file structure.txt (compact mmCIF, N, CA, C and O atoms)
# COMPACT_ATOMS: atom_id res chain seq x y z
N MET A 18 -0.01 -32.38 -10.63
CA MET A 18 1.00 -31.35 -10.51
C MET A 18 0.35 -30.00 -10.20
O MET A 18 0.90 -29.22 -9.47
N SER A 19 -0.80 -29.75 -10.74
CA SER A 19 -1.49 -28.50 -10.51
C SER A 19 -1.87 -28.35 -9.04
O SER A 19 -1.77 -27.27 -8.49
N LEU A 20 -2.28 -29.45 -8.40
CA LEU A 20 -2.63 -29.41 -6.98
C LEU A 20 -1.40 -29.07 -6.14
O LEU A 20 -1.48 -28.30 -5.19
N GLU A 21 -0.27 -29.66 -6.50
CA GLU A 21 0.98 -29.39 -5.77
C GLU A 21 1.38 -27.92 -5.92
O GLU A 21 1.80 -27.28 -4.97
N LYS A 22 1.23 -27.38 -7.11
CA LYS A 22 1.57 -25.99 -7.36
C LYS A 22 0.65 -25.06 -6.55
O LYS A 22 1.10 -24.10 -5.95
N ASN A 23 -0.64 -25.37 -6.54
CA ASN A 23 -1.59 -24.57 -5.77
C ASN A 23 -1.25 -24.61 -4.29
O ASN A 23 -1.35 -23.59 -3.59
N ARG A 24 -0.88 -25.79 -3.77
CA ARG A 24 -0.52 -25.93 -2.36
C ARG A 24 0.71 -25.09 -2.04
O ARG A 24 0.76 -24.39 -1.04
N MET A 25 1.70 -25.14 -2.92
CA MET A 25 2.93 -24.38 -2.72
C MET A 25 2.64 -22.87 -2.76
O MET A 25 3.18 -22.11 -1.95
N GLU A 26 1.80 -22.45 -3.69
CA GLU A 26 1.45 -21.04 -3.78
C GLU A 26 0.71 -20.59 -2.52
O GLU A 26 0.96 -19.50 -2.00
N LYS A 27 -0.20 -21.43 -2.02
CA LYS A 27 -0.94 -21.10 -0.81
C LYS A 27 0.02 -20.98 0.38
O LYS A 27 -0.08 -20.04 1.17
N GLU A 28 0.94 -21.92 0.50
CA GLU A 28 1.92 -21.87 1.58
C GLU A 28 2.78 -20.60 1.47
O GLU A 28 3.06 -19.93 2.47
N PHE A 29 3.18 -20.26 0.26
CA PHE A 29 3.97 -19.04 0.04
C PHE A 29 3.19 -17.80 0.44
O PHE A 29 3.71 -16.92 1.11
N ASP A 30 1.91 -17.76 0.05
CA ASP A 30 1.06 -16.62 0.43
C ASP A 30 0.94 -16.50 1.94
O ASP A 30 0.99 -15.41 2.49
N GLU A 31 0.79 -17.63 2.62
CA GLU A 31 0.68 -17.61 4.08
C GLU A 31 1.98 -17.13 4.71
O GLU A 31 1.96 -16.32 5.64
N VAL A 32 3.11 -17.60 4.20
CA VAL A 32 4.40 -17.17 4.73
C VAL A 32 4.59 -15.68 4.46
O VAL A 32 5.05 -14.94 5.33
N THR A 33 4.22 -15.25 3.28
CA THR A 33 4.34 -13.84 2.93
C THR A 33 3.47 -12.99 3.86
O THR A 33 3.90 -11.95 4.35
N GLU A 34 2.26 -13.45 4.13
CA GLU A 34 1.36 -12.70 5.01
C GLU A 34 1.92 -12.64 6.43
O GLU A 34 1.92 -11.58 7.06
N VAL A 35 2.44 -13.74 6.91
CA VAL A 35 3.04 -13.78 8.25
C VAL A 35 4.24 -12.84 8.30
O VAL A 35 4.39 -12.05 9.24
N GLY A 36 5.08 -12.91 7.29
CA GLY A 36 6.24 -12.03 7.23
C GLY A 36 5.84 -10.57 7.19
O GLY A 36 6.45 -9.73 7.85
N PHE A 37 4.81 -10.28 6.42
CA PHE A 37 4.32 -8.91 6.33
C PHE A 37 3.80 -8.43 7.68
O PHE A 37 4.12 -7.33 8.13
N ARG A 38 3.02 -9.27 8.33
CA ARG A 38 2.48 -8.90 9.65
C ARG A 38 3.62 -8.65 10.64
O ARG A 38 3.59 -7.68 11.40
N GLN A 39 4.60 -9.53 10.65
CA GLN A 39 5.74 -9.36 11.55
C GLN A 39 6.49 -8.07 11.24
O GLN A 39 6.91 -7.35 12.14
N SER A 40 6.64 -7.77 9.97
CA SER A 40 7.32 -6.54 9.56
C SER A 40 6.55 -5.31 10.03
O SER A 40 7.15 -4.35 10.53
N VAL A 41 5.24 -5.34 9.88
CA VAL A 41 4.41 -4.21 10.31
C VAL A 41 4.54 -4.03 11.82
O VAL A 41 4.72 -2.91 12.31
N ILE A 42 4.46 -5.12 12.57
CA ILE A 42 4.56 -5.04 14.03
C ILE A 42 5.92 -4.50 14.44
O ILE A 42 6.02 -3.62 15.30
N THR A 43 6.98 -4.99 13.82
CA THR A 43 8.33 -4.53 14.14
C THR A 43 8.49 -3.05 13.82
O THR A 43 8.99 -2.28 14.64
N ASN A 44 8.06 -2.66 12.63
CA ASN A 44 8.18 -1.25 12.23
C ASN A 44 7.34 -0.35 13.11
O ASN A 44 7.77 0.74 13.47
N PHE A 45 6.14 -0.80 13.49
CA PHE A 45 5.29 0.00 14.36
C PHE A 45 5.97 0.21 15.71
O PHE A 45 5.97 1.31 16.25
N SER A 46 6.59 -0.85 16.23
CA SER A 46 7.28 -0.74 17.52
C SER A 46 8.43 0.25 17.44
O SER A 46 8.62 1.06 18.36
N LYS A 47 9.19 0.20 16.36
CA LYS A 47 10.31 1.12 16.19
C LYS A 47 9.82 2.57 16.09
O LYS A 47 10.37 3.47 16.72
N ILE A 48 8.77 2.78 15.31
CA ILE A 48 8.22 4.13 15.13
C ILE A 48 7.66 4.64 16.46
O ILE A 48 7.88 5.80 16.82
N LYS A 49 6.97 3.79 17.19
CA LYS A 49 6.41 4.18 18.48
C LYS A 49 7.52 4.62 19.43
O LYS A 49 7.40 5.65 20.11
N LYS A 50 8.61 3.86 19.45
CA LYS A 50 9.74 4.20 20.32
C LYS A 50 10.35 5.54 19.92
O LYS A 50 10.67 6.38 20.76
N GLU A 51 10.50 5.78 18.62
CA GLU A 51 11.05 7.05 18.13
C GLU A 51 10.14 8.23 18.49
O GLU A 51 10.62 9.29 18.90
N VAL A 52 8.84 8.04 18.34
CA VAL A 52 7.89 9.11 18.67
C VAL A 52 7.97 9.44 20.15
O VAL A 52 7.97 10.61 20.54
N GLN A 53 8.06 8.42 20.99
CA GLN A 53 8.16 8.65 22.43
C GLN A 53 9.43 9.41 22.76
O GLN A 53 9.42 10.34 23.58
N THR A 54 10.53 9.05 22.11
CA THR A 54 11.81 9.74 22.35
C THR A 54 11.70 11.20 21.93
O THR A 54 12.09 12.10 22.67
N HIS A 55 11.16 11.46 20.74
CA HIS A 55 11.02 12.84 20.25
C HIS A 55 10.06 13.65 21.12
O HIS A 55 10.26 14.84 21.33
N ARG A 56 9.04 12.99 21.63
CA ARG A 56 8.09 13.67 22.50
C ARG A 56 8.78 14.13 23.79
O ARG A 56 8.58 15.25 24.25
N LYS A 57 9.62 13.26 24.35
CA LYS A 57 10.36 13.62 25.56
C LYS A 57 11.32 14.78 25.28
O LYS A 57 11.43 15.71 26.08
N GLU A 58 12.00 14.73 24.14
CA GLU A 58 12.92 15.80 23.77
C GLU A 58 12.17 17.12 23.60
O GLU A 58 12.63 18.17 24.05
N ALA A 59 11.02 17.07 22.95
CA ALA A 59 10.22 18.28 22.74
C ALA A 59 9.73 18.84 24.08
O ALA A 59 9.73 20.06 24.28
N LYS A 60 9.35 17.97 24.98
CA LYS A 60 8.89 18.41 26.30
C LYS A 60 10.03 19.09 27.05
O LYS A 60 9.84 20.14 27.68
N ASN A 61 11.23 18.52 26.97
CA ASN A 61 12.39 19.13 27.61
C ASN A 61 12.69 20.51 27.01
O ASN A 61 12.99 21.46 27.75
N LEU A 62 12.62 20.61 25.70
CA LEU A 62 12.86 21.91 25.04
C LEU A 62 11.80 22.93 25.44
O LEU A 62 12.10 24.11 25.65
N GLU A 63 10.57 22.47 25.56
CA GLU A 63 9.49 23.37 25.97
C GLU A 63 9.73 23.89 27.39
O GLU A 63 9.55 25.08 27.66
N GLN A 64 10.19 23.03 28.27
CA GLN A 64 10.49 23.44 29.64
C GLN A 64 11.63 24.46 29.67
O GLN A 64 11.57 25.45 30.40
N ARG A 65 12.66 24.22 28.88
CA ARG A 65 13.79 25.15 28.82
C ARG A 65 13.34 26.51 28.28
O ARG A 65 13.75 27.57 28.78
N LEU A 66 12.50 26.49 27.24
CA LEU A 66 11.98 27.73 26.68
C LEU A 66 11.17 28.50 27.73
O LEU A 66 11.33 29.73 27.86
N ASP A 67 10.34 27.80 28.48
CA ASP A 67 9.57 28.45 29.54
C ASP A 67 10.49 29.09 30.57
O ASP A 67 10.24 30.22 31.03
N GLU A 68 11.57 28.40 30.93
CA GLU A 68 12.54 28.95 31.88
C GLU A 68 13.18 30.22 31.32
O GLU A 68 13.32 31.22 32.04
N TRP A 69 13.56 30.19 30.05
CA TRP A 69 14.19 31.37 29.43
C TRP A 69 13.21 32.54 29.38
O TRP A 69 13.59 33.68 29.64
N LEU A 70 11.96 32.27 29.03
CA LEU A 70 10.97 33.34 28.97
C LEU A 70 10.74 33.94 30.36
O LEU A 70 10.59 35.16 30.49
N THR A 71 10.74 33.11 31.36
CA THR A 71 10.60 33.61 32.74
C THR A 71 11.78 34.50 33.10
O THR A 71 11.61 35.58 33.69
N ARG A 72 12.97 34.08 32.75
CA ARG A 72 14.17 34.89 33.02
C ARG A 72 14.12 36.23 32.27
O ARG A 72 14.45 37.28 32.82
N ILE A 73 13.71 36.17 31.00
CA ILE A 73 13.62 37.39 30.20
C ILE A 73 12.61 38.35 30.81
O ILE A 73 12.87 39.55 30.94
N ASN A 74 11.46 37.83 31.21
CA ASN A 74 10.44 38.67 31.84
C ASN A 74 10.97 39.29 33.13
O ASN A 74 10.73 40.47 33.40
N SER A 75 11.68 38.50 33.89
CA SER A 75 12.25 39.00 35.15
C SER A 75 13.27 40.11 34.88
O SER A 75 13.26 41.16 35.56
N ILE A 76 14.12 39.93 33.89
CA ILE A 76 15.12 40.94 33.53
C ILE A 76 14.44 42.20 33.03
O ILE A 76 14.83 43.32 33.38
N GLU A 77 13.41 42.04 32.20
CA GLU A 77 12.67 43.20 31.68
C GLU A 77 12.04 44.00 32.84
O GLU A 77 12.08 45.23 32.83
N LYS A 78 11.49 43.32 33.80
CA LYS A 78 10.89 44.01 34.96
C LYS A 78 11.96 44.76 35.75
O LYS A 78 11.73 45.88 36.20
N THR A 79 13.12 44.12 35.89
CA THR A 79 14.21 44.77 36.63
C THR A 79 14.69 46.02 35.90
O THR A 79 14.99 47.03 36.51
N LEU A 80 14.78 45.96 34.58
CA LEU A 80 15.26 47.09 33.80
C LEU A 80 14.26 48.24 33.77
O LEU A 80 14.65 49.40 33.65
N ASN A 81 12.99 47.91 33.86
CA ASN A 81 11.97 48.97 33.82
C ASN A 81 11.85 49.55 35.21
O ASN A 81 11.60 50.60 35.54

call {"tool": "encode", "arguments": {"input": "structure.txt", "output": "structure tokens"}}
result
Amino acid sequence: MSLEKNRMEKEFDEVTEVGFRQSVITNFSKIKKEVQTHRKEAKNLEQRLDEWLTRINSIEKTLN
């Protein structure tokens, strides 16, 4: 009976390890996708800010 219990525990550990690995891979993929999305959003905001600063500089030059 002890051998059967050890075999079952080993199988459980292997399943747990596989499940853990799959979970890590899945979570990493989700996080990577979110980071890429936020990076694109930040880049767009940076471009808009640059446009606004250019406009402000242009207006300041016109007023002076």

call {"tool": "atom_distance", "arguments": {"input": "structure.txt", "atom1": "atom CA of A:Glu63", "atom2": "atom C of A:Glu51"}}
result
16.9 Å

call {"tool": "atom_distance", "arguments": {"input": "structure.txt", "atom1": "atom O of A:Thr71", "atom2": "atom CA of A:Thr54"}}
result
28.2 Å

call {"tool": "atom_distance", "arguments": {"input": "structure.txt", "atom1": "atom N of A:Asn44", "atom2": "atom CA of A:Lys57"}}
result
20.9 Å

call {"tool": "decode", "arguments": {"input": "structure.txt", "residues": "stretch 19-66 of chain A", "atoms": "N, CA and C atoms", "output": "JSON list (two decimals), in the first residue's frame"}}
result
[["chain", "number", "residue", "atom", "x", "y", "z"],
["A", 19, "SER", "N", 1.99, 1.20, 0.66],
["A", 19, "SER", "CA", 2.88, 2.34, 0.72],
["A", 19, "SER", "C", 3.42, 2.69, -0.66],
["A", 20, "LEU", "N", 3.73, 1.66, -1.47],
["A", 20, "LEU", "CA", 4.22, 1.90, -2.83],
["A", 20, "LEU", "C", 3.14, 2.58, -3.67],
["A", 21, "GLU", "N", 1.91, 2.13, -3.51],
["A", 21, "GLU", "CA", 0.79, 2.73, -4.26],
["A", 21, "GLU", "C", 0.60, 4.20, -3.86],
["A", 22, "LYS", "N", 0.71, 4.48, -2.59],
["A", 22, "LYS", "CA", 0.57, 5.85, -2.10],
["A", 22, "LYS", "C", 1.69, 6.73, -2.65],
["A", 23, "ASN", "N", 2.91, 6.23, -2.63],
["A", 23, "ASN", "CA", 4.05, 6.98, -3.17],
["A", 23, "ASN", "C", 3.86, 7.26, -4.65],
["A", 24, "ARG", "N", 3.37, 6.26, -5.40],
["A", 24, "ARG", "CA", 3.13, 6.45, -6.84],
["A", 24, "ARG", "C", 2.08, 7.51, -7.07],
["A", 25, "MET", "N", 1.01, 7.48, -6.29],
["A", 25, "MET", "CA", -0.06, 8.46, -6.43],
["A", 25, "MET", "C", 0.44, 9.87, -6.08],
["A", 26, "GLU", "N", 1.24, 9.97, -5.04],
["A", 26, "GLU", "CA", 1.79, 11.26, -4.65],
["A", 26, "GLU", "C", 2.71, 11.80, -5.74],
["A", 27, "LYS", "N", 3.52, 10.92, -6.33],
["A", 27, "LYS", "CA", 4.42, 11.33, -7.41],
["A", 27, "LYS", "C", 3.62, 11.82, -8.61],
["A", 28, "GLU", "N", 2.59, 11.08, -8.97],
["A", 28, "GLU", "CA", 1.74, 11.49, -10.09],
["A", 28, "GLU", "C", 1.08, 12.84, -9.80],
["A", 29, "PHE", "N", 0.61, 13.03, -8.58],
["A", 29, "PHE", "CA", -0.01, 14.30, -8.18],
["A", 29, "PHE", "C", 0.99, 15.44, -8.29],
["A", 30, "ASP", "N", 2.22, 15.19, -7.81],
["A", 30, "ASP", "CA", 3.26, 16.22, -7.90],
["A", 30, "ASP", "C", 3.55, 16.59, -9.35],
["A", 31, "GLU", "N", 3.59, 15.59, -10.23],
["A", 31, "GLU", "CA", 3.85, 15.85, -11.64],
["A", 31, "GLU", "C", 2.71, 16.65, -12.26],
["A", 32, "VAL", "N", 1.48, 16.29, -11.93],
["A", 32, "VAL", "CA", 0.33, 17.01, -12.45],
["A", 32, "VAL", "C", 0.33, 18.44, -11.92],
["A", 33, "THR", "N", 0.65, 18.59, -10.66],
["A", 33, "THR", "CA", 0.71, 19.91, -10.05],
["A", 33, "THR", "C", 1.78, 20.76, -10.74],
["A", 34, "GLU", "N", 2.94, 20.16, -11.01],
["A", 34, "GLU", "CA", 4.02, 20.89, -11.66],
["A", 34, "GLU", "C", 3.62, 21.30, -13.08],
["A", 35, "VAL", "N", 2.98, 20.40, -13.80],
["A", 35, "VAL", "CA", 2.53, 20.70, -15.16],
["A", 35, "VAL", "C", 1.50, 21.82, -15.11],
["A", 36, "GLY", "N", 0.56, 21.72, -14.20],
["A", 36, "GLY", "CA", -0.46, 22.75, -14.05],
["A", 36, "GLY", "C", 0.15, 24.09, -13.70],
["A", 37, "PHE", "N", 1.13, 24.06, -12.83],
["A", 37, "PHE", "CA", 1.81, 25.30, -12.44],
["A", 37, "PHE", "C", 2.53, 25.91, -13.63],
["A", 38, "ARG", "N", 3.24, 25.09, -14.37],
["A", 38, "ARG", "CA", 3.95, 25.58, -15.56],
["A", 38, "ARG", "C", 2.98, 26.19, -16.56],
["A", 39, "GLN", "N", 1.87, 25.50, -16.80],
["A", 39, "GLN", "CA", 0.87, 26.02, -17.74],
["A", 39, "GLN", "C", 0.30, 27.35, -17.24],
["A", 40, "SER", "N", 0.07, 27.44, -15.95],
["A", 40, "SER", "CA", -0.45, 28.67, -15.36],
["A", 40, "SER", "C", 0.53, 29.81, -15.53],
["A", 41, "VAL", "N", 1.81, 29.54, -15.30],
["A", 41, "VAL", "CA", 2.83, 30.57, -15.45],
["A", 41, "VAL", "C", 2.89, 31.04, -16.90],
["A", 42, "ILE", "N", 2.87, 30.10, -17.83],
["A", 42, "ILE", "CA", 2.93, 30.45, -19.26],
["A", 42, "ILE", "C", 1.71, 31.28, -19.65],
["A", 43, "THR", "N", 0.54, 30.87, -19.21],
["A", 43, "THR", "CA", -0.69, 31.60, -19.53],
["A", 43, "THR", "C", -0.65, 33.00, -18.95],
["A", 44, "ASN", "N", -0.29, 33.10, -17.68],
["A", 44, "ASN", "CA", -0.23, 34.41, -17.02],
["A", 44, "ASN", "C", 0.82, 35.31, -17.66],
["A", 45, "PHE", "N", 1.97, 34.74, -18.03],
["A", 45, "PHE", "CA", 3.01, 35.53, -18.67],
["A", 45, "PHE", "C", 2.50, 36.08, -20.00],
["A", 46, "SER", "N", 1.79, 35.25, -20.75],
["A", 46, "SER", "CA", 1.26, 35.69, -22.05],
["A", 46, "SER", "C", 0.27, 36.83, -21.86],
["A", 47, "LYS", "N", -0.59, 36.72, -20.87],
["A", 47, "LYS", "CA", -1.58, 37.78, -20.60],
["A", 47, "LYS", "C", -0.88, 39.08, -20.19],
["A", 48, "ILE", "N", 0.11, 38.97, -19.31],
["A", 48, "ILE", "CA", 0.83, 40.15, -18.84],
["A", 48, "ILE", "C", 1.59, 40.79, -20.01],
["A", 49, "LYS", "N", 2.21, 39.98, -20.84],
["A", 49, "LYS", "CA", 2.96, 40.49, -21.98],
["A", 49, "LYS", "C", 2.03, 41.27, -22.91],
["A", 50, "LYS", "N", 0.84, 40.73, -23.15],
["A", 50, "LYS", "CA", -0.13, 41.40, -24.02],
["A", 50, "LYS", "C", -0.57, 42.73, -23.41],
["A", 51, "GLU", "N", -0.81, 42.75, -22.10],
["A", 51, "GLU", "CA", -1.21, 43.99, -21.42],
["A", 51, "GLU", "C", -0.10, 45.04, -21.49],
["A", 52, "VAL", "N", 1.14, 44.62, -21.28],
["A", 52, "VAL", "CA", 2.27, 45.55, -21.33],
["A", 52, "VAL", "C", 2.38, 46.15, -22.73],
["A", 53, "GLN", "N", 2.23, 45.32, -23.75],
["A", 53, "GLN", "CA", 2.30, 45.82, -25.12],
["A", 53, "GLN", "C", 1.20, 46.83, -25.39],
["A", 54, "THR", "N", 0.00, 46.55, -24.90],
["A", 54, "THR", "CA", -1.13, 47.47, -25.09],
["A", 54, "THR", "C", -0.84, 48.80, -24.39],
["A", 55, "HIS", "N", -0.39, 48.75, -23.14],
["A", 55, "HIS", "CA", -0.09, 49.98, -22.39],
["A", 55, "HIS", "C", 1.06, 50.75, -23.02],
["A", 56, "ARG", "N", 2.01, 50.04, -23.57],
["A", 56, "ARG", "CA", 3.14, 50.69, -24.23],
["A", 56, "ARG", "C", 2.66, 51.48, -25.45],
["A", 57, "LYS", "N", 1.76, 50.87, -26.23],
["A", 57, "LYS", "CA", 1.20, 51.57, -27.40],
["A", 57, "LYS", "C", 0.41, 52.80, -26.97],
["A", 58, "GLU", "N", -0.38, 52.66, -25.91],
["A", 58, "GLU", "CA", -1.16, 53.79, -25.41],
["A", 58, "GLU", "C", -0.24, 54.91, -24.93],
["A", 59, "ALA", "N", 0.82, 54.56, -24.23],
["A", 59, "ALA", "CA", 1.77, 55.56, -23.74],
["A", 59, "ALA", "C", 2.46, 56.26, -24.90],
["A", 60, "LYS", "N", 2.80, 55.51, -25.93],
["A", 60, "LYS", "CA", 3.45, 56.09, -27.10],
["A", 60, "LYS", "C", 2.51, 57.08, -27.79],
["A", 61, "ASN", "N", 1.23, 56.71, -27.90],
["A", 61, "ASN", "CA", 0.25, 57.61, -28.50],
["A", 61, "ASN", "C", 0.10, 58.89, -27.67],
["A", 62, "LEU", "N", 0.05, 58.75, -26.35],
["A", 62, "LEU", "CA", -0.05, 59.93, -25.48],
["A", 62, "LEU", "C", 1.19, 60.81, -25.61],
["A", 63, "GLU", "N", 2.34, 60.18, -25.72],
["A", 63, "GLU", "CA", 3.58, 60.95, -25.87],
["A", 63, "GLU", "C", 3.56, 61.74, -27.18],
["A", 64, "GLN", "N", 3.07, 61.13, -28.24],
["A", 64, "GLN", "CA", 2.98, 61.83, -29.52],
["A", 64, "GLN", "C", 2.01, 63.01, -29.45],
["A", 65, "ARG", "N", 0.88, 62.81, -28.78],
["A", 65, "ARG", "CA", -0.10, 63.90, -28.62],
["A", 65, "ARG", "C", 0.50, 65.04, -27.81],
["A", 66, "LEU", "N", 1.22, 64.70, -26.74],
["A", 66, "LEU", "CA", 1.86, 65.72, -25.91],
["A", 66, "LEU", "C", 2.87, 66.51, -26.73]]
